[in-house]
Amino acid sequence: MEPQVAELKQKIEDTLCPFGFEVYPFQVAWYNALLPPAFHLPLPGPTLAFLVLSTPAMFDRALKPFLQSCRLQPLTDPVDQCVAYHLSRVRESLPELQMQVITDYEVQPNRRPKILAQTAAHVAGAAYYYQRQDVEADPWGTQHISGVCIHPRFGGWFAIRGVVLLPGIEVPDLLPTKPPDCVPTRADRITLLEGFNFHWRDWAYRDVVTPQERYSEEQKAYFSTPPAQRWALLGLPLPSGEISPVASEHPLTTLTCKTQNPSRVRGWVSPRASPTTSTGP
């Protein structure tokens, strides 16, 4: 890896990894080469980018402390806000650089995703993106089959959170890292894709490889709960201020608000901190 890339990667990792995230560098050209022009990132091919994903540890290391800090704003998802906050800290750690951050849930005005997260994870070497085309003589006929990324150490127990783009930093000599093919057989790929498409609620597809770590039962309960009911599970009022009719008797966290610097709280949710340009928990 080039020294400049290694140094930037280390700085971003120092900011994110203690909170349960992982970081992988890639070139914009690698991503654009796999997609039609409508999905291209509008940057020169050699532009440096970093893929950010969350591991099972993120729930305890990042989300719970974030909730306890009372940085939550109305009408948004707690996990998305937590990720946005930590990605804003990457900006703060590298103030000298022009930086664009795109989270996995952002869309264009026409509802097209700003980033195809699984494609980015594959080209960055973070996780192998298994698709229907990876199954020879597939058995699904006219059925639509969505693809899924598998991490070599966490299986399906992770989530892709976004990309950090560094316009102005070009690394033409950066060599691609191929993600490990951890589901090499046709039979296992069929099992994986059928599990993801038809039985995803039972979590079994995530164990297609033996993971080093899985989501805790507490974390699984959170992500299995419909979004509108997650506030009650966390022991929080609904964004409207009303009490949820399905309030949990055993919320996942007890909030103890800490005094916040108002300018810091505003900073990460303000338009200035939002990306200026341009899939499962």
# chains A, B, ... in the order shown; residues from 1 in each chain; ligands from 1
$ select_by_dssp --residues "segment 134-251 of chain A" --states "strand (DSSP E or B)" --output "list in words"
Val148, Cys149, Ile150, His151, Gly155, Ala159, Ile160, Arg161, Gly162, Val163, Val164, Leu165, Leu166, Pro167, Gly168, Ile169 and Glu170 of chain A
$ residues_around --residues "segment 14-24 of chain A" --least-positions-apart "5" --cutoff "6 Å" --atoms "only C-alpha atoms" --output "list in words"
Phe50, Leu51, Val52, Leu53, Ser54, Thr55, Ala57, Met58, Arg61, Ala62 and Ala124 of chain A
$ write_last_selection --atoms "N, CA, C and O atoms" --output "tab-separated table (two decimals), in the first residue's frame"
chain	number	residue	atom	x	y	z
A	50	PHE	N	-12.55	5.56	0.78
A	50	PHE	CA	-12.51	4.55	1.83
A	50	PHE	C	-13.91	4.04	2.11
A	50	PHE	O	-14.85	4.83	2.25
A	51	LEU	N	-14.04	2.73	2.15
A	51	LEU	CA	-15.29	2.07	2.53
A	51	LEU	C	-15.32	1.92	4.04
A	51	LEU	O	-14.32	1.51	4.65
A	52	VAL	N	-16.44	2.25	4.67
A	52	VAL	CA	-16.59	2.12	6.12
A	52	VAL	C	-17.71	1.13	6.42
A	52	VAL	O	-18.82	1.26	5.89
A	53	LEU	N	-17.42	0.12	7.24
A	53	LEU	CA	-18.44	-0.82	7.67
A	53	LEU	C	-18.44	-0.93	9.18
A	53	LEU	O	-17.47	-0.57	9.85
A	54	SER	N	-19.55	-1.42	9.72
A	54	SER	CA	-19.64	-1.62	11.17
A	54	SER	C	-19.63	-3.11	11.48
A	54	SER	O	-20.20	-3.92	10.76
A	55	THR	N	-18.94	-3.46	12.55
A	55	THR	CA	-18.86	-4.83	13.03
A	55	THR	C	-19.87	-5.02	14.16
A	55	THR	O	-20.50	-4.05	14.61
A	57	ALA	N	-19.39	-5.16	17.17
A	57	ALA	CA	-19.00	-4.37	18.34
A	57	ALA	C	-19.54	-2.95	18.30
A	57	ALA	O	-19.58	-2.27	19.34
A	58	MET	N	-19.96	-2.46	17.14
A	58	MET	CA	-20.44	-1.09	17.03
A	58	MET	C	-21.62	-0.80	17.94
A	58	MET	O	-21.75	0.30	18.49
A	61	ARG	N	-20.07	-0.25	21.46
A	61	ARG	CA	-19.00	0.74	21.52
A	61	ARG	C	-19.41	2.12	21.01
A	61	ARG	O	-18.87	3.14	21.44
A	62	ALA	N	-20.35	2.15	20.04
A	62	ALA	CA	-20.73	3.43	19.43
A	62	ALA	C	-22.17	3.81	19.72
A	62	ALA	O	-22.45	4.91	20.18
A	124	ALA	N	-13.51	-2.71	-2.66
A	124	ALA	CA	-12.55	-2.34	-1.62
A	124	ALA	C	-11.90	-3.55	-0.96
A	124	ALA	O	-10.98	-3.40	-0.16
$ atom_distance --atom1 "atom CA of Ile115 of chain A" --atom2 "atom CA of Glu218 of chain A"
29.4 Å
$ residues_around --residues "segment 207-217 of chain A" --least-positions-apart "3" --cutoff "12 Å" --atoms "only C-alpha atoms" --output "ChimeraX atom specification"
/A:20,54-60,130,148-159,180-185,187-196,200,202-204,220-224,252,281
$ atom_distance --atom1 "atom CA of Gln100 of chain A" --atom2 "atom CA of Ala127 of chain A"
22.3 Å
$ select_by_dssp --residues "segment 12-216 of chain A" --states "helix (DSSP H, G or I)" --output "compact mmCIF listing (two decimals) with N, CA, C and O atoms, in the first residue's frame"
# COMPACT_ATOMS: atom_id res chain seq x y z
N ILE A 12 -7.89 7.56 9.75
CA ILE A 12 -9.33 7.29 9.77
C ILE A 12 -9.63 6.14 10.72
O ILE A 12 -10.60 6.17 11.48
N GLU A 13 -8.78 5.12 10.70
CA GLU A 13 -8.97 4.00 11.63
C GLU A 13 -8.85 4.44 13.08
O GLU A 13 -9.60 3.97 13.95
N ASP A 14 -7.92 5.35 13.36
CA ASP A 14 -7.77 5.84 14.73
C ASP A 14 -9.05 6.50 15.22
O ASP A 14 -9.36 6.45 16.42
N THR A 15 -9.79 7.11 14.30
CA THR A 15 -11.04 7.78 14.66
C THR A 15 -12.20 6.80 14.78
O THR A 15 -13.05 6.94 15.67
N LEU A 16 -12.25 5.79 13.91
CA LEU A 16 -13.42 4.94 13.82
C LEU A 16 -13.29 3.57 14.47
O LEU A 16 -14.26 3.06 15.06
N CYS A 17 -12.14 2.94 14.35
CA CYS A 17 -12.01 1.55 14.78
C CYS A 17 -12.28 1.31 16.27
O CYS A 17 -12.84 0.27 16.63
N PRO A 18 -11.92 2.23 17.16
CA PRO A 18 -12.25 1.99 18.57
C PRO A 18 -13.75 1.88 18.83
O PRO A 18 -14.16 1.40 19.89
N PHE A 19 -14.56 2.31 17.87
CA PHE A 19 -16.01 2.30 18.04
C PHE A 19 -16.70 1.19 17.23
O PHE A 19 -17.91 1.22 17.03
N VAL A 28 -11.90 5.16 -7.03
CA VAL A 28 -13.21 5.39 -7.64
C VAL A 28 -13.34 4.62 -8.95
O VAL A 28 -14.41 4.11 -9.28
N ALA A 29 -12.25 4.50 -9.70
CA ALA A 29 -12.29 3.80 -10.99
C ALA A 29 -12.73 2.36 -10.85
O ALA A 29 -13.43 1.82 -11.71
N TRP A 30 -12.31 1.70 -9.77
CA TRP A 30 -12.68 0.30 -9.56
C TRP A 30 -14.19 0.16 -9.40
O TRP A 30 -14.79 -0.78 -9.91
N TYR A 31 -14.76 1.10 -8.67
CA TYR A 31 -16.21 1.10 -8.44
C TYR A 31 -16.96 1.41 -9.74
O TYR A 31 -17.88 0.68 -10.15
N ASN A 32 -16.57 2.49 -10.42
CA ASN A 32 -17.26 2.90 -11.64
C ASN A 32 -17.19 1.84 -12.73
O ASN A 32 -18.11 1.70 -13.54
N ALA A 33 -16.10 1.07 -12.76
CA ALA A 33 -15.91 0.07 -13.82
C ALA A 33 -16.97 -1.02 -13.78
O ALA A 33 -17.23 -1.68 -14.79
N PRO A 37 -23.15 4.10 -16.32
CA PRO A 37 -22.84 5.52 -16.04
C PRO A 37 -23.78 6.20 -15.06
O PRO A 37 -23.35 7.09 -14.31
N ALA A 38 -25.04 5.81 -15.01
CA ALA A 38 -25.99 6.47 -14.12
C ALA A 38 -25.61 6.34 -12.65
O ALA A 38 -26.02 7.15 -11.82
N PHE A 39 -24.81 5.33 -12.34
CA PHE A 39 -24.43 5.09 -10.95
C PHE A 39 -22.98 5.50 -10.64
O PHE A 39 -22.51 5.31 -9.53
N MET A 58 -19.96 -2.46 17.14
CA MET A 58 -20.44 -1.09 17.03
C MET A 58 -21.62 -0.80 17.94
O MET A 58 -21.75 0.30 18.49
N PHE A 59 -22.47 -1.78 18.16
CA PHE A 59 -23.68 -1.57 18.95
C PHE A 59 -23.33 -1.10 20.37
O PHE A 59 -23.90 -0.14 20.88
N ASP A 60 -22.38 -1.79 20.98
CA ASP A 60 -22.00 -1.44 22.35
C ASP A 60 -20.99 -0.29 22.41
O ASP A 60 -21.05 0.55 23.31
N ARG A 61 -20.07 -0.25 21.46
CA ARG A 61 -19.00 0.74 21.52
C ARG A 61 -19.41 2.12 21.01
O ARG A 61 -18.87 3.14 21.44
N ALA A 62 -20.35 2.15 20.04
CA ALA A 62 -20.73 3.43 19.43
C ALA A 62 -22.17 3.81 19.72
O ALA A 62 -22.45 4.91 20.18
N LEU A 63 -23.13 2.90 19.44
CA LEU A 63 -24.54 3.29 19.53
C LEU A 63 -24.97 3.60 20.96
O LEU A 63 -25.59 4.64 21.22
N LYS A 64 -24.66 2.72 21.90
CA LYS A 64 -25.11 2.96 23.28
C LYS A 64 -24.52 4.24 23.87
O LYS A 64 -25.25 5.05 24.44
N PRO A 65 -23.20 4.47 23.75
CA PRO A 65 -22.67 5.75 24.24
C PRO A 65 -23.29 6.95 23.53
O PRO A 65 -23.51 7.99 24.15
N PHE A 66 -23.56 6.80 22.24
CA PHE A 66 -24.17 7.90 21.49
C PHE A 66 -25.55 8.22 22.05
O PHE A 66 -25.91 9.39 22.25
N LEU A 67 -26.35 7.20 22.33
CA LEU A 67 -27.67 7.42 22.91
C LEU A 67 -27.58 8.07 24.28
O LEU A 67 -28.35 8.96 24.63
N GLN A 68 -26.62 7.64 25.06
CA GLN A 68 -26.47 8.18 26.41
C GLN A 68 -26.00 9.63 26.40
O GLN A 68 -26.20 10.36 27.36
N PRO A 78 -31.87 6.32 15.02
CA PRO A 78 -30.72 6.40 15.93
C PRO A 78 -29.42 5.86 15.35
O PRO A 78 -28.36 6.46 15.55
N VAL A 79 -29.47 4.71 14.67
CA VAL A 79 -28.24 4.14 14.11
C VAL A 79 -27.68 5.05 13.02
O VAL A 79 -26.47 5.31 12.98
N ASP A 80 -28.54 5.54 12.14
CA ASP A 80 -28.07 6.43 11.08
C ASP A 80 -27.43 7.68 11.68
O ASP A 80 -26.39 8.16 11.20
N GLN A 81 -28.06 8.24 12.72
CA GLN A 81 -27.49 9.42 13.37
C GLN A 81 -26.15 9.12 14.01
O GLN A 81 -25.22 9.93 13.96
N CYS A 82 -26.06 7.97 14.64
CA CYS A 82 -24.80 7.57 15.28
C CYS A 82 -23.69 7.45 14.25
O CYS A 82 -22.58 7.95 14.44
N VAL A 83 -23.98 6.78 13.13
CA VAL A 83 -22.98 6.63 12.07
C VAL A 83 -22.59 8.00 11.51
O VAL A 83 -21.40 8.30 11.30
N ALA A 84 -23.59 8.87 11.27
CA ALA A 84 -23.30 10.21 10.75
C ALA A 84 -22.40 10.99 11.70
O ALA A 84 -21.49 11.70 11.28
N TYR A 85 -22.65 10.85 12.98
CA TYR A 85 -21.82 11.54 13.97
C TYR A 85 -20.36 11.06 13.89
O TYR A 85 -19.42 11.86 13.87
N HIS A 86 -20.16 9.75 13.83
CA HIS A 86 -18.79 9.23 13.80
C HIS A 86 -18.10 9.57 12.47
O HIS A 86 -16.88 9.82 12.46
N LEU A 87 -18.84 9.59 11.38
CA LEU A 87 -18.23 9.99 10.12
C LEU A 87 -17.89 11.48 10.13
O LEU A 87 -16.91 11.90 9.50
N SER A 88 -18.68 12.29 10.85
CA SER A 88 -18.35 13.71 10.97
C SER A 88 -17.03 13.90 11.73
O SER A 88 -16.29 14.85 11.49
N ARG A 89 -16.74 12.98 12.63
CA ARG A 89 -15.48 13.05 13.38
C ARG A 89 -14.29 12.76 12.46
O ARG A 89 -13.16 13.23 12.73
N VAL A 90 -14.53 12.00 11.40
CA VAL A 90 -13.46 11.80 10.41
C VAL A 90 -13.12 13.12 9.74
O VAL A 90 -11.95 13.46 9.55
N ARG A 91 -14.15 13.89 9.40
CA ARG A 91 -13.91 15.23 8.83
C ARG A 91 -13.07 16.07 9.78
O ARG A 91 -12.12 16.74 9.38
N GLU A 92 -13.45 16.05 11.05
CA GLU A 92 -12.76 16.86 12.05
C GLU A 92 -11.30 16.43 12.22
O GLU A 92 -10.43 17.26 12.51
N SER A 93 -11.04 15.14 12.04
CA SER A 93 -9.68 14.63 12.22
C SER A 93 -8.76 14.97 11.06
O SER A 93 -7.53 14.90 11.20
N ALA A 117 -23.68 0.34 -1.99
CA ALA A 117 -22.77 0.00 -0.90
C ALA A 117 -22.12 -1.36 -1.07
O ALA A 117 -20.93 -1.54 -0.76
N GLN A 118 -22.88 -2.35 -1.55
CA GLN A 118 -22.30 -3.69 -1.66
C GLN A 118 -21.25 -3.76 -2.76
O GLN A 118 -20.24 -4.46 -2.62
N THR A 119 -21.46 -3.02 -3.84
CA THR A 119 -20.45 -2.96 -4.89
C THR A 119 -19.18 -2.30 -4.35
O THR A 119 -18.06 -2.77 -4.61
N ALA A 120 -19.34 -1.23 -3.58
CA ALA A 120 -18.18 -0.55 -3.00
C ALA A 120 -17.44 -1.48 -2.05
O ALA A 120 -16.20 -1.50 -2.03
N ALA A 121 -18.17 -2.25 -1.25
CA ALA A 121 -17.52 -3.18 -0.32
C ALA A 121 -16.72 -4.24 -1.06
O ALA A 121 -15.63 -4.64 -0.63
N HIS A 122 -17.24 -4.69 -2.19
CA HIS A 122 -16.55 -5.73 -2.97
C HIS A 122 -15.26 -5.18 -3.58
O HIS A 122 -14.20 -5.80 -3.45
N VAL A 123 -15.34 -4.01 -4.23
CA VAL A 123 -14.13 -3.49 -4.89
C VAL A 123 -13.07 -3.06 -3.87
O VAL A 123 -11.87 -3.07 -4.18
N ARG A 132 -26.55 -13.42 -8.20
CA ARG A 132 -27.10 -14.52 -8.99
C ARG A 132 -26.12 -14.97 -10.07
O ARG A 132 -26.00 -16.17 -10.37
N GLN A 133 -25.42 -14.03 -10.65
CA GLN A 133 -24.47 -14.36 -11.72
C GLN A 133 -23.32 -15.23 -11.22
O GLN A 133 -22.59 -15.81 -12.03
N ASP A 134 -23.15 -15.33 -9.90
CA ASP A 134 -22.10 -16.17 -9.34
C ASP A 134 -22.52 -17.62 -9.15
O ASP A 134 -21.75 -18.44 -8.65
N ARG A 186 -21.01 -23.93 -5.42
CA ARG A 186 -22.33 -23.60 -5.98
C ARG A 186 -23.44 -23.87 -4.97
O ARG A 186 -24.35 -23.05 -4.78
N ALA A 187 -23.38 -25.02 -4.30
CA ALA A 187 -24.43 -25.39 -3.36
C ALA A 187 -24.53 -24.38 -2.22
O ALA A 187 -25.64 -23.96 -1.82
N ASP A 188 -23.39 -23.95 -1.69
CA ASP A 188 -23.40 -23.00 -0.59
C ASP A 188 -23.87 -21.62 -1.05
O ASP A 188 -24.53 -20.90 -0.29
N ARG A 189 -23.54 -21.26 -2.28
CA ARG A 189 -24.01 -19.97 -2.79
C ARG A 189 -25.52 -19.98 -2.97
O ARG A 189 -26.19 -18.98 -2.70
N ILE A 190 -26.05 -21.10 -3.43
CA ILE A 190 -27.51 -21.22 -3.55
C ILE A 190 -28.15 -21.11 -2.17
O ILE A 190 -29.15 -20.38 -1.97
N THR A 191 -27.60 -21.80 -1.19
CA THR A 191 -28.13 -21.73 0.18
C THR A 191 -28.08 -20.31 0.71
O THR A 191 -29.03 -19.81 1.34
N LEU A 192 -26.96 -19.62 0.47
CA LEU A 192 -26.80 -18.24 0.93
C LEU A 192 -27.84 -17.32 0.30
O LEU A 192 -28.55 -16.59 1.01
N LEU A 193 -27.95 -17.35 -1.01
CA LEU A 193 -28.84 -16.42 -1.69
C LEU A 193 -30.31 -16.73 -1.40
O LEU A 193 -31.13 -15.81 -1.27
N GLU A 194 -30.65 -18.00 -1.26
CA GLU A 194 -32.03 -18.34 -0.90
C GLU A 194 -32.32 -17.92 0.54
O GLU A 194 -33.41 -17.42 0.84
N GLY A 195 -31.35 -18.12 1.43
CA GLY A 195 -31.55 -17.69 2.81
C GLY A 195 -31.73 -16.20 2.92
O GLY A 195 -32.59 -15.70 3.65
N PHE A 196 -30.91 -15.43 2.17
CA PHE A 196 -31.00 -13.98 2.22
C PHE A 196 -32.30 -13.47 1.61
O PHE A 196 -32.93 -12.54 2.14
N ASN A 197 -32.72 -14.07 0.50
CA ASN A 197 -33.90 -13.57 -0.20
C ASN A 197 -35.22 -14.04 0.39
O ASN A 197 -36.20 -13.29 0.39
N PHE A 198 -35.26 -15.26 0.91
CA PHE A 198 -36.54 -15.85 1.31
C PHE A 198 -36.69 -16.09 2.82
O PHE A 198 -37.80 -16.24 3.31
N TRP A 200 -34.63 -14.31 5.40
CA TRP A 200 -33.69 -13.43 6.06
C TRP A 200 -34.05 -13.16 7.51
O TRP A 200 -33.19 -12.85 8.33
N ARG A 201 -35.31 -13.30 7.88
CA ARG A 201 -35.73 -13.00 9.25
C ARG A 201 -35.14 -13.97 10.27
O ARG A 201 -35.06 -13.64 11.46
N ASP A 202 -34.73 -15.17 9.84
CA ASP A 202 -34.21 -16.13 10.82
C ASP A 202 -32.70 -15.98 11.05
O ASP A 202 -32.11 -16.75 11.83
N ALA A 204 -30.19 -16.93 9.62
CA ALA A 204 -29.33 -18.09 9.35
C ALA A 204 -28.33 -17.81 8.23
O ALA A 204 -27.19 -18.32 8.26
N TYR A 205 -28.71 -17.04 7.21
CA TYR A 205 -27.79 -16.81 6.08
C TYR A 205 -26.50 -16.14 6.55
O TYR A 205 -25.44 -16.29 5.93
N ARG A 206 -26.55 -15.42 7.67
CA ARG A 206 -25.38 -14.72 8.17
C ARG A 206 -24.29 -15.68 8.65
O ARG A 206 -23.13 -15.30 8.79
N ASP A 207 -24.69 -16.92 8.91
CA ASP A 207 -23.74 -17.93 9.39
C ASP A 207 -23.24 -18.83 8.27
O ASP A 207 -22.78 -19.94 8.53
$ atom_distance --atom1 "atom CA of Leu8 of chain A" --atom2 "atom CA of Val163 of chain A"
14.0 Å
$ residues_around --residues "segment 40-48 of chain A" --least-positions-apart "4" --cutoff "12 Å" --atoms "only C-alpha atoms" --output "VMD selection string"
chain A and resid 2 4 to 6 8 to 9 24 to 36 97 to 100 102 112 to 116 119 to 120 124 163 to 176 277 to 278
$ write_last_selection --atoms "C-alpha atoms" --output "PDB file, in the first residue's frame"
ATOM      1  CA  GLU A   2       1.304   3.479  -0.875  1.00  0.00           C
ATOM      2  CA  GLN A   4       0.081   8.259   1.647  1.00  0.00           C
ATOM      3  CA  VAL A   5      -2.797   5.783   1.551  1.00  0.00           C
ATOM      4  CA  ALA A   6      -1.483   3.901   4.567  1.00  0.00           C
ATOM      5  CA  LEU A   8      -4.653   8.338   5.743  1.00  0.00           C
ATOM      6  CA  LYS A   9      -6.098   4.903   6.446  1.00  0.00           C
ATOM      7  CA  TYR A  24     -10.857  -0.172   3.471  1.00  0.00           C
ATOM      8  CA  PRO A  25      -9.278   1.985   0.693  1.00  0.00           C
ATOM      9  CA  PHE A  26     -10.251   1.816  -2.971  1.00  0.00           C
ATOM     10  CA  GLN A  27     -10.084   3.789  -6.200  1.00  0.00           C
ATOM     11  CA  VAL A  28     -13.207   5.394  -7.637  1.00  0.00           C
ATOM     12  CA  ALA A  29     -12.294   3.802 -10.994  1.00  0.00           C
ATOM     13  CA  TRP A  30     -12.676   0.295  -9.563  1.00  0.00           C
ATOM     14  CA  TYR A  31     -16.214   1.103  -8.443  1.00  0.00           C
ATOM     15  CA  ASN A  32     -17.264   2.896 -11.640  1.00  0.00           C
ATOM     16  CA  ALA A  33     -15.911   0.070 -13.820  1.00  0.00           C
ATOM     17  CA  LEU A  34     -18.581  -2.316 -12.488  1.00  0.00           C
ATOM     18  CA  LEU A  35     -21.568  -0.021 -12.940  1.00  0.00           C
ATOM     19  CA  PRO A  36     -23.497   1.770 -15.696  1.00  0.00           C
ATOM     20  CA  LEU A  97      -8.527  17.730   3.268  1.00  0.00           C
ATOM     21  CA  GLN A  98     -11.463  18.198   0.950  1.00  0.00           C
ATOM     22  CA  MET A  99     -13.779  15.359   1.853  1.00  0.00           C
ATOM     23  CA  GLN A 100     -17.139  13.981   0.752  1.00  0.00           C
ATOM     24  CA  ILE A 102     -21.835   9.388   1.480  1.00  0.00           C
ATOM     25  CA  ARG A 112     -31.474   6.466  -6.949  1.00  0.00           C
ATOM     26  CA  PRO A 113     -28.914   5.517  -4.268  1.00  0.00           C
ATOM     27  CA  LYS A 114     -25.918   7.830  -4.080  1.00  0.00           C
ATOM     28  CA  ILE A 115     -23.712   4.801  -3.483  1.00  0.00           C
ATOM     29  CA  LEU A 116     -24.230   1.106  -4.187  1.00  0.00           C
ATOM     30  CA  THR A 119     -20.447  -2.958  -4.893  1.00  0.00           C
ATOM     31  CA  ALA A 120     -18.184  -0.552  -2.999  1.00  0.00           C
ATOM     32  CA  ALA A 124     -12.551  -2.335  -1.620  1.00  0.00           C
ATOM     33  CA  VAL A 163     -17.826   5.808   1.857  1.00  0.00           C
ATOM     34  CA  VAL A 164     -15.394   8.648   2.434  1.00  0.00           C
ATOM     35  CA  LEU A 165     -14.249  10.293  -0.812  1.00  0.00           C
ATOM     36  CA  LEU A 166     -11.121  12.433  -1.003  1.00  0.00           C
ATOM     37  CA  PRO A 167     -11.330  14.622  -4.137  1.00  0.00           C
ATOM     38  CA  GLY A 168      -7.926  15.961  -5.054  1.00  0.00           C
ATOM     39  CA  ILE A 169      -6.064  12.910  -3.776  1.00  0.00           C
ATOM     40  CA  GLU A 170      -5.309  10.565  -6.651  1.00  0.00           C
ATOM     41  CA  VAL A 171      -3.530   7.224  -6.219  1.00  0.00           C
ATOM     42  CA  PRO A 172      -3.053   5.733  -9.706  1.00  0.00           C
ATOM     43  CA  ASP A 173      -0.642   3.100  -8.404  1.00  0.00           C
ATOM     44  CA  LEU A 174      -2.979   1.709  -5.749  1.00  0.00           C
ATOM     45  CA  LEU A 175      -3.531  -1.989  -6.440  1.00  0.00           C
ATOM     46  CA  PRO A 176      -6.965  -3.567  -5.911  1.00  0.00           C
ATOM     47  CA  THR A 277     -22.208  15.982  -3.571  1.00  0.00           C
ATOM     48  CA  SER A 278     -22.255  13.071  -4.757  1.00  0.00           C
TER      49      SER A 278
END
$ closest_residue --among "A:Arg111, A:Ala232, A:Pro227, A:Glu7" --to "Leu94 of chain A" --atoms "only C-alpha atoms"
A:Glu7
